[in-house]
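Have a look at entry.txt below; it lists compact mmCIF, C-alpha atoms.
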```
# COMPACT_ATOMS: atom_id res chain seq x y z
CA MET A 288 54.75 -82.32 43.46
CA LYS A 289 52.89 -82.37 46.74
CA THR A 290 51.08 -79.09 47.30
CA ARG A 291 51.65 -77.77 50.73
CA ASP A 292 48.77 -76.45 52.76
CA LYS A 293 49.97 -73.00 53.75
CA LYS A 294 48.03 -73.18 56.97
CA THR A 295 49.73 -76.35 58.24
CA ALA A 296 51.96 -75.89 61.25
CA MET A 297 55.62 -76.56 60.53
CA SER A 298 57.32 -79.21 62.65
CA ALA A 299 60.64 -78.72 64.39
CA SER A 300 62.16 -81.71 62.58
CA ASP A 301 61.05 -80.38 59.18
CA LEU A 302 62.78 -77.07 59.77
CA ALA A 303 65.82 -78.78 61.33
CA GLN A 304 66.43 -80.53 58.03
CA MET A 305 67.38 -77.15 56.56
CA GLY A 306 70.50 -77.41 58.71
CA THR A 307 71.38 -80.76 57.13
CA CYS A 308 70.83 -80.14 53.42
CA GLU A 309 68.53 -77.68 51.65
CA ARG A 310 68.75 -79.72 48.44
CA LEU A 311 67.39 -82.75 50.29
CA VAL A 312 64.51 -80.65 51.65
CA PHE A 313 63.67 -79.66 48.07
CA PHE A 314 63.91 -83.17 46.62
CA GLU A 315 61.97 -84.83 49.42
CA ALA A 316 59.14 -82.32 49.09
CA ARG A 317 59.02 -83.01 45.36
CA TYR A 318 59.62 -86.77 45.21
CA GLY A 319 59.00 -88.08 48.70
CA ARG A 320 61.26 -89.42 51.43
CA ARG A 321 63.60 -92.28 50.47
CA PRO A 322 65.69 -93.28 53.47
CA SER A 323 68.41 -95.87 52.88
CA ALA A 324 68.45 -99.18 54.75
CA GLY A 325 71.11 -97.78 57.09
CA GLN A 326 69.04 -94.68 57.77
CA ARG A 327 65.91 -96.76 58.47
CA GLN A 328 67.93 -98.86 60.89
CA ALA A 329 69.23 -95.72 62.60
CA MET A 330 65.67 -94.35 62.90
CA ALA A 331 64.42 -97.60 64.47
CA ARG A 332 67.33 -97.55 66.91
CA GLY A 333 66.57 -93.92 67.74
CA ARG A 334 62.92 -94.77 68.51
CA THR A 335 64.00 -97.57 70.85
CA GLU A 336 66.42 -95.31 72.70
CA HIS A 337 63.80 -92.56 72.97
CA ARG A 338 61.42 -95.07 74.55
CA SER A 339 64.07 -96.05 77.12
CA PHE A 340 64.87 -92.39 77.75
CA PHE A 341 61.18 -91.71 78.34
CA GLN A 342 60.87 -94.68 80.72
CA ASP A 343 63.92 -93.46 82.66
CA ALA A 344 62.30 -90.03 82.97
CA VAL A 345 59.04 -91.45 84.26
CA ALA A 346 60.92 -93.65 86.71
CA ALA A 347 62.86 -90.63 87.94
CA LYS A 348 59.83 -88.34 88.14
CA SER A 349 56.44 -90.00 87.75
CA GLY A 350 54.66 -86.63 87.92
CA ALA A 351 56.32 -85.24 84.79
CA ARG A 352 53.84 -84.28 82.06
CA ALA A 353 53.90 -86.42 78.94
CA ASP A 354 51.80 -87.11 75.89
CA THR A 355 53.03 -90.62 75.38
CA ALA A 356 51.17 -93.10 77.55
CA LYS A 357 52.98 -93.96 80.75
CA PRO A 358 55.36 -96.87 80.09
CA TRP A 359 52.65 -99.44 80.68
CA CYS A 360 53.42 -101.41 83.81
CA PHE A 361 56.87 -100.32 84.81
CA CYS A 362 57.10 -102.84 87.63
CA ALA A 363 55.90 -105.69 85.42
CA SER A 364 58.40 -104.65 82.76
CA LEU A 365 61.12 -104.89 85.39
CA ALA A 366 59.85 -108.21 86.80
CA TRP A 367 59.48 -109.91 83.41
CA SER A 368 60.09 -107.67 80.38
CA PRO A 369 58.15 -104.94 78.52
CA ARG A 370 56.98 -107.49 75.95
CA ALA A 371 56.28 -110.41 78.29
CA SER A 372 52.76 -111.89 78.23
CA GLN A 373 52.35 -111.03 81.94
CA THR A 374 53.13 -107.35 81.24
CA ARG A 375 50.73 -107.30 78.30
CA ARG A 376 47.96 -108.83 80.42
CA LEU A 377 48.40 -106.24 83.17
CA ARG A 378 48.54 -103.43 80.65
CA ARG A 379 45.36 -104.68 79.01
CA PHE A 380 43.65 -104.93 82.39
CA ARG A 381 44.69 -101.36 83.22
CA GLY A 382 43.57 -100.03 79.85
CA LEU A 383 40.27 -101.90 79.43
CA ASP A 384 39.05 -102.40 83.00
CA LEU A 385 40.70 -100.18 85.61
CA ARG A 386 40.44 -97.10 83.46
CA LYS A 387 36.64 -97.35 83.29
CA SER A 388 35.92 -96.80 86.97
CA ALA A 389 36.84 -94.00 89.34
CA GLY A 390 38.31 -96.56 91.76
CA GLY A 391 40.37 -98.11 89.00
CA ARG A 392 41.71 -94.74 87.89
CA TRP A 393 42.57 -93.88 91.51
CA LEU A 394 44.44 -97.17 91.84
CA THR A 395 46.35 -96.48 88.62
CA ARG A 396 47.34 -93.00 89.81
CA LEU A 397 48.47 -94.45 93.15
CA TYR A 398 50.50 -97.07 91.34
CA TYR A 399 52.35 -94.55 89.17
CA LYS A 400 52.86 -92.21 92.08
CA ASN A 401 54.48 -94.79 94.36
CA SER A 402 55.68 -97.80 92.49
CA THR A 403 58.00 -96.45 89.80
CA ALA A 404 60.48 -95.03 92.30
CA ARG A 405 60.35 -98.29 94.31
CA CYS A 406 60.89 -100.36 91.20
CA ARG A 407 63.85 -98.21 90.31
CA ARG A 408 65.45 -99.13 93.65
CA HIS A 409 64.58 -102.80 93.06
CA GLN A 410 66.41 -102.67 89.77
CA ARG A 411 69.75 -102.71 91.56
CA HIS A 412 69.00 -105.95 93.50
CA PRO A 413 68.22 -109.10 91.50
CA ILE A 414 66.69 -110.81 94.54
CA LEU A 415 64.19 -107.97 94.91
CA VAL A 416 63.29 -108.37 91.24
CA VAL A 417 62.44 -112.02 91.93
CA ALA A 418 60.37 -110.95 94.96
CA LEU A 419 58.60 -108.41 92.77
CA ARG A 420 57.79 -111.14 90.26
CA LEU A 421 56.24 -113.28 93.01
CA ALA A 422 54.28 -110.33 94.38
CA LEU A 423 52.86 -109.41 90.97
CA THR A 424 51.88 -112.95 89.97
CA PRO A 425 48.51 -112.90 91.79
CA ALA A 426 47.76 -109.57 90.05
CA VAL A 427 48.47 -111.22 86.71
CA TRP A 428 46.08 -114.09 87.59
CA LEU A 429 43.39 -111.59 88.57
CA ALA A 430 43.91 -109.57 85.41
CA SER A 431 43.72 -112.72 83.26
CA ALA A 432 40.54 -113.87 85.02
CA VAL A 433 38.81 -110.51 84.63
CA THR A 434 39.70 -110.14 80.95
CA ALA A 435 38.70 -113.76 80.25
CA LEU A 436 35.33 -113.15 81.92
CA ARG A 437 34.82 -109.97 79.93
CA ASP A 438 35.69 -111.72 76.66
CA LEU A 439 33.25 -114.51 77.57
CA GLU A 440 30.45 -112.01 78.18
CA ARG A 441 31.00 -110.55 74.75
CA MET B 141 97.78 -133.03 75.08
CA THR B 142 98.62 -131.07 78.22
CA ARG B 143 99.89 -128.18 76.08
CA THR B 144 96.67 -128.17 74.01
CA MET B 145 94.52 -128.15 77.13
CA LEU B 146 96.57 -125.29 78.54
CA PHE B 147 96.13 -123.33 75.33
CA ILE B 148 92.36 -123.92 75.38
CA ALA B 149 92.17 -122.85 79.04
CA ILE B 150 94.10 -119.63 78.36
CA ALA B 151 92.00 -118.83 75.27
CA THR B 152 88.78 -119.44 77.22
CA ALA B 153 89.96 -117.26 80.10
CA LEU B 154 90.89 -114.45 77.70
CA ALA B 155 87.53 -114.66 75.90
CA ALA B 156 85.71 -114.59 79.24
CA PHE B 157 87.75 -111.59 80.33
CA VAL B 158 86.85 -109.70 77.13
CA VAL B 159 83.15 -110.53 77.43
CA VAL B 160 82.98 -109.57 81.10
CA GLY B 161 84.87 -106.38 80.36
CA GLN B 162 82.40 -105.43 77.61
CA LEU B 163 79.40 -106.17 79.83
CA TRP B 164 80.83 -104.12 82.68
CA SER B 165 81.64 -101.27 80.34
CA ALA B 166 78.12 -101.28 78.83
CA ARG B 167 76.58 -101.36 82.30
CA ARG B 168 78.63 -98.40 83.41
CA ALA B 169 77.67 -96.51 80.28
CA ARG B 170 73.98 -96.91 81.07
CA ARG B 171 74.32 -96.20 84.84
CA SER B 172 71.53 -94.21 86.38
CA ASP B 173 69.46 -91.60 84.58
CA GLU B 174 71.03 -88.64 86.36
CA ASP B 175 74.64 -89.41 85.58
CA TRP B 176 74.65 -87.54 82.27
CA LEU B 177 72.98 -84.40 83.69
CA PRO B 178 75.21 -81.33 83.48
CA ARG B 179 76.06 -79.66 86.78
CA GLU B 180 73.53 -76.83 86.33
CA LEU B 181 70.65 -79.32 85.93
CA ARG B 182 71.48 -81.58 88.89
CA ASN B 183 68.98 -79.75 91.11
CA ALA B 184 66.53 -78.93 88.33
CA THR B 185 62.97 -80.24 88.25
CA LEU B 186 61.89 -82.42 85.36
CA VAL B 187 58.69 -80.76 84.16
CA PHE B 188 57.78 -82.66 81.01
CA THR B 189 58.98 -85.54 78.88
CA GLU B 190 57.92 -86.58 75.37
CA LYS B 191 55.41 -83.76 75.21
CA THR B 192 54.06 -82.27 72.00
CA PHE B 193 53.44 -78.55 71.79
CA ARG B 194 51.01 -77.43 69.10
CA PRO B 195 50.25 -73.82 68.21
CA LYS B 196 46.86 -72.38 68.98
CA GLN B 197 46.59 -71.03 65.42
CA THR B 198 46.79 -73.27 62.38
CA SER B 199 50.07 -71.67 61.36
CA GLY B 200 53.03 -71.72 63.73
CA PHE B 201 55.36 -74.45 64.91
CA VAL B 202 54.63 -77.86 66.32
CA ALA B 203 57.36 -79.60 68.31
CA ARG B 204 57.81 -82.67 70.45
CA VAL B 205 60.19 -82.10 73.33
CA ASP B 206 62.23 -84.95 74.78
CA ARG B 207 62.66 -83.34 78.19
CA GLY B 208 62.12 -79.97 79.82
CA TYR B 209 63.73 -79.03 83.14
CA ARG B 210 62.89 -76.04 85.29
CA VAL B 211 65.83 -74.29 86.91
CA GLY B 212 66.25 -70.71 88.08
CA GLY B 213 62.74 -69.76 86.99
CA GLU B 214 63.14 -70.83 83.38
CA LEU B 215 62.83 -73.99 81.33
CA ARG B 216 65.77 -75.70 79.70
CA LEU B 217 65.26 -78.21 76.94
CA VAL B 218 67.08 -81.48 76.31
CA GLU B 219 67.14 -83.38 73.03
CA LEU B 220 68.38 -86.97 72.78
CA LYS B 221 70.23 -88.09 69.65
CA THR B 222 71.60 -91.55 68.93
CA ARG B 223 74.53 -91.36 66.53
CA GLU B 224 78.07 -92.49 65.88
CA ARG B 225 79.73 -89.10 66.23
CA ALA B 226 79.59 -87.55 69.69
CA ARG B 227 78.85 -83.98 68.74
CA PRO B 228 75.84 -81.73 68.17
CA TYR B 229 74.85 -80.68 64.66
CA THR B 230 73.34 -77.48 63.29
CA SER B 231 70.08 -79.36 62.75
CA ASP B 232 69.94 -80.11 66.51
CA ILE B 233 70.24 -76.41 67.33
CA ILE B 234 67.51 -75.55 64.83
CA GLU B 235 65.25 -78.26 66.23
CA LEU B 236 65.73 -77.10 69.82
CA SER B 237 65.20 -73.47 68.77
CA VAL B 238 61.85 -74.36 67.21
CA GLN B 239 60.94 -76.36 70.32
CA ARG B 240 61.68 -73.30 72.42
CA MET B 241 59.35 -71.14 70.29
CA ALA B 242 56.60 -73.78 70.39
CA VAL B 243 56.84 -74.17 74.19
CA GLU B 244 56.82 -70.40 74.73
CA GLN B 245 53.85 -69.96 72.39
CA GLN B 246 51.79 -72.60 74.17
CA THR B 247 52.79 -72.00 77.79
CA VAL B 248 53.46 -68.87 79.78
CA GLU B 249 56.87 -70.18 80.79
CA ARG B 250 60.15 -68.54 79.90
CA VAL B 251 62.40 -70.91 77.97
CA SER B 252 66.15 -70.44 78.11
CA ASP B 253 68.19 -69.89 74.96
CA VAL B 254 70.61 -72.42 76.45
CA ALA B 255 69.69 -76.04 75.75
CA TYR B 256 71.35 -79.45 75.74
CA VAL B 257 71.97 -82.07 73.11
CA LEU B 258 72.46 -85.47 74.69
CA VAL B 259 74.31 -87.67 72.23
CA GLN B 260 74.23 -91.39 72.88
CA ASP B 261 76.74 -93.55 71.06
CA ALA B 262 74.83 -95.96 68.83
CA ARG B 263 77.10 -98.86 69.72
CA THR B 264 78.44 -98.36 73.26
CA LYS B 265 75.39 -96.37 74.54
CA ARG B 266 77.80 -93.96 76.21
CA ARG B 267 76.20 -90.54 76.70
CA SER B 268 77.78 -87.14 76.12
CA VAL B 269 75.91 -83.93 76.82
CA PHE B 270 76.57 -80.70 74.91
CA ARG B 271 75.44 -77.26 75.94
CA VAL B 272 74.25 -75.23 72.93
CA ARG B 273 73.02 -71.70 72.41
CA LEU B 274 69.78 -71.54 70.45
CA LEU B 275 68.78 -69.34 67.54
CA SER B 276 66.70 -66.27 68.22
CA ASN B 277 63.01 -66.24 67.25
CA THR B 278 63.87 -63.86 64.39
CA GLU B 279 66.43 -66.31 63.03
CA VAL B 280 63.97 -69.22 63.27
CA ILE B 281 61.30 -67.29 61.40
CA ALA B 282 63.81 -66.24 58.75
CA LEU B 283 64.82 -69.87 58.31
CA ALA B 284 61.19 -70.93 58.03
CA ARG B 285 60.67 -68.29 55.32
CA ARG B 286 63.74 -69.52 53.48
CA ARG B 287 62.36 -73.07 53.62
CA GLU B 288 59.14 -71.84 52.07
CA ASP B 289 61.11 -70.06 49.34
CA VAL B 290 63.13 -73.21 48.59
CA LEU B 291 59.99 -75.35 48.39
CA ASN B 292 58.19 -72.84 46.18
CA GLY B 293 61.15 -72.42 43.85
CA ARG B 294 61.76 -68.80 44.83
CA ALA B 295 65.25 -69.60 46.18
CA ALA B 296 67.92 -72.02 44.98
CA PRO B 297 68.67 -74.61 47.66
CA ARG B 298 72.22 -74.81 48.98
CA LEU B 299 74.41 -77.90 48.96
CA ALA B 300 75.07 -79.69 52.25
CA ALA B 301 78.02 -78.31 54.21
CA ASP B 302 79.06 -81.86 55.13
CA ARG B 303 79.51 -83.58 51.78
CA GLY B 304 79.87 -86.89 53.59
CA LEU B 305 76.07 -86.87 53.91
CA CYS B 306 75.77 -87.21 50.15
CA ARG B 307 77.21 -90.73 50.22
CA ASP B 308 73.97 -92.39 51.34
CA CYS B 309 71.58 -89.90 49.78
CA ALA B 310 68.87 -91.39 47.55
CA TYR B 311 68.86 -88.19 45.47
CA ARG B 312 72.56 -88.10 44.74
CA ALA B 313 72.13 -88.61 40.99
CA LYS B 314 69.35 -86.03 40.70
CA CYS B 315 71.36 -83.60 42.77
CA ARG B 316 74.44 -84.01 40.57
CA ALA B 317 72.38 -83.48 37.42
CA ARG B 318 71.07 -80.19 38.81
CA GLN B 319 74.23 -79.07 40.57
CA HIS B 320 74.61 -76.05 38.30
CA GLU B 321 71.47 -74.62 39.92
CA ALA B 322 72.75 -74.98 43.48
CA LEU B 323 74.30 -72.34 45.68
CA PRO B 324 77.41 -73.36 47.63
CA ALA B 325 77.00 -74.50 51.23
CA ARG B 326 76.63 -71.80 53.88
CA ARG B 327 79.86 -71.56 55.93
```
Mind turning this structure into structure tokens?
Amino acid sequence: MKTRDKKTAMSASDLAQMGTCERLVFFEARYGRRPSAGQRQAMARGRTEHRSFFQDAVAAKSGARADTAKPWCFCASLAWSPRASQTRRLRRFRGLDLRKSAGGRWLTRLYYKNSTARCRRHQRHPILVVALRLALTPAVWLASAVTALRDLER
Amino acid sequence: MTRTMLFIAIATALAAFVVVGQLWSARRARRSDEDWLPRELRNATLVFTEKTFRPKQTSGFVARVDRGYRVGGELRLVELKTRERARPYTSDIIELSVQRMAVEQQTVERVSDVAYVLVQDARTKRRSVFRVRLLSNTEVIALARRREDVLNGRAAPRLAADRGLCRDCAYRAKCRARQHEALPARR
């Protein structure tokens, strides 16, 4: 049986499980967690929906405090998709290059302050999404060039 | 031949109608972010989202809050759940109650004992929001002590109130074998 460090803080979800089944709390502490395939699927679905919920919150109020990293490039995610190569390149550029300089960090703050609300309005008009894609393309080229140069230097 | 073509055309039109109807319905269900907000939160300020609150001491509660809104000088918490049944569970109330304690311990803000469980249908993505009243700090601490007693063998764990949960439980066989030790579910 796993020995529990008495000094460890208790999580809200751990205690919440007491409202589901105390027997399960006991067995899981003794033998470990064993979610079924359906339960694992439900958990994965829950994580996806929480991510969307978080992105909606940031779009609605970019100044809200959060521990999770801002939803990468919200505008790029809208123009292409969150997993598109263009979005990944911009995210990488923001994380590895912009973040390292005061100017880059200022630019990032300006972006999150102004662009998420604009992108949210764009969402309702497909033509604006296309325009956004065209406007961001030079930024993607720049990001690719900078990261390629950095990789070359290494 | 003409009859067959007519049948195909009608079947295609019906299929298209069903598909378009489903797409329109799903789009409406996901509308804008504010549509699910209850009336009392419409003018509230979103203060934090996906924020973890850890205690200053090693003991205490740690909680990750989905959303916190400020209204009328206090914070109100929102928890998102994705499930098939559109209703809040006891576990949601416990979770939100612990979140309230964690937020109060770490910040100087007053957190309301009224919170919201936002249930999103797993299939249709339709959202329903439920207003719940949270447990008091005394009740949360008592529950935490009971959990400790259950884990340390000082108290016999109760059976689940909803026996439907047992269907998919990996410990069903073990639980049955030790059922004589269990207390009945709390009503």
Record the distance separating atom CA of B:Ala295 and atom CA of B:Val272, expressed in Å with one decimal. 28.8 Å
Provide as a VMD selection string the residues of chain B at most 6 Å from chain A, counting only C-alpha atoms. chain B and resid 187 to 191 198 to 203 222 230 to 231 234 to 235 238 291 297 to 300
Residues near A:Trp367, cut-off 10 Å, only C-alpha atoms, skip fewer than 6 positions along chain, as a PyMOL selection string: chain A and resi 373-374+416-417+419-420
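Coordinates place atom CA of B:Phe270 at a distance of 26.1 Å from atom CA of B:Gln246.
Taking all atoms listed in the file into account, A:Thr434 lies nearest to A:Leu377 out of the set A:Ile414, A:Leu421, A:Leu394, A:Leu377.
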What is the atom CA of A:Leu439 to atom CA of A:Ala363 distance in Å? 25.5 Å
Name the residues within 6 Å of (71.4, -81.2, 73.6), counting all atoms listed in the file in the file's coordinates, and put them as a PyMOL selection string. chain B and resi 218-219+255-258+270
For the residues selected in the previous step, produce a file with C-alpha atoms as an mmCIF file, in the frame of the given file.
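Result file follows (selection.cif):
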```
data_model
loop_
_atom_site.group_PDB
_atom_site.id
_atom_site.type_symbol
_atom_site.label_atom_id
_atom_site.label_comp_id
_atom_site.auth_asym_id
_atom_site.auth_seq_id
_atom_site.Cartn_x
_atom_site.Cartn_y
_atom_site.Cartn_z
ATOM 1 C CA VAL B 218 67.080 -81.480 76.310
ATOM 2 C CA GLU B 219 67.140 -83.380 73.030
ATOM 3 C CA ALA B 255 69.690 -76.040 75.750
ATOM 4 C CA TYR B 256 71.350 -79.450 75.740
ATOM 5 C CA VAL B 257 71.970 -82.070 73.110
ATOM 6 C CA LEU B 258 72.460 -85.470 74.690
ATOM 7 C CA PHE B 270 76.570 -80.700 74.910
#
```
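The residue that comes closest to B:Arg210, out of B:Asp261, B:Glu279, B:Glu249, B:Glu288 and on the basis of all atoms listed in the file, is B:Glu249.
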Near B:Asp253, counting only C-alpha atoms, which residues have an atom at most 8 Å away, once you skip same-chain residues fewer than 5 positions from it, shown as a list in words? Arg216, Ser237, Arg240, Arg273, Leu274, Leu275 and Ser276 of chain B
Using 5 Å of padding on each side, determine the axis-aligned box around all atoms of stretch 301-313 of chain A present in the file and give its centre and edge lengths in Å to one decimal, as lines of an AutoDock Vina configuration file.
```
center_x = 66.2
center_y = -79.9
center_z = 54.7
size_x = 20.3
size_y = 15.7
size_z = 23.3
```
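Neighbours of B:Leu215 closer than or equal to 7 Å, with all atoms listed in the file counted and sequence neighbours fewer than 5 positions away skipped, come out as Gly208, Tyr209, Arg210, Arg250, Val251 and Ser252 of chain B.
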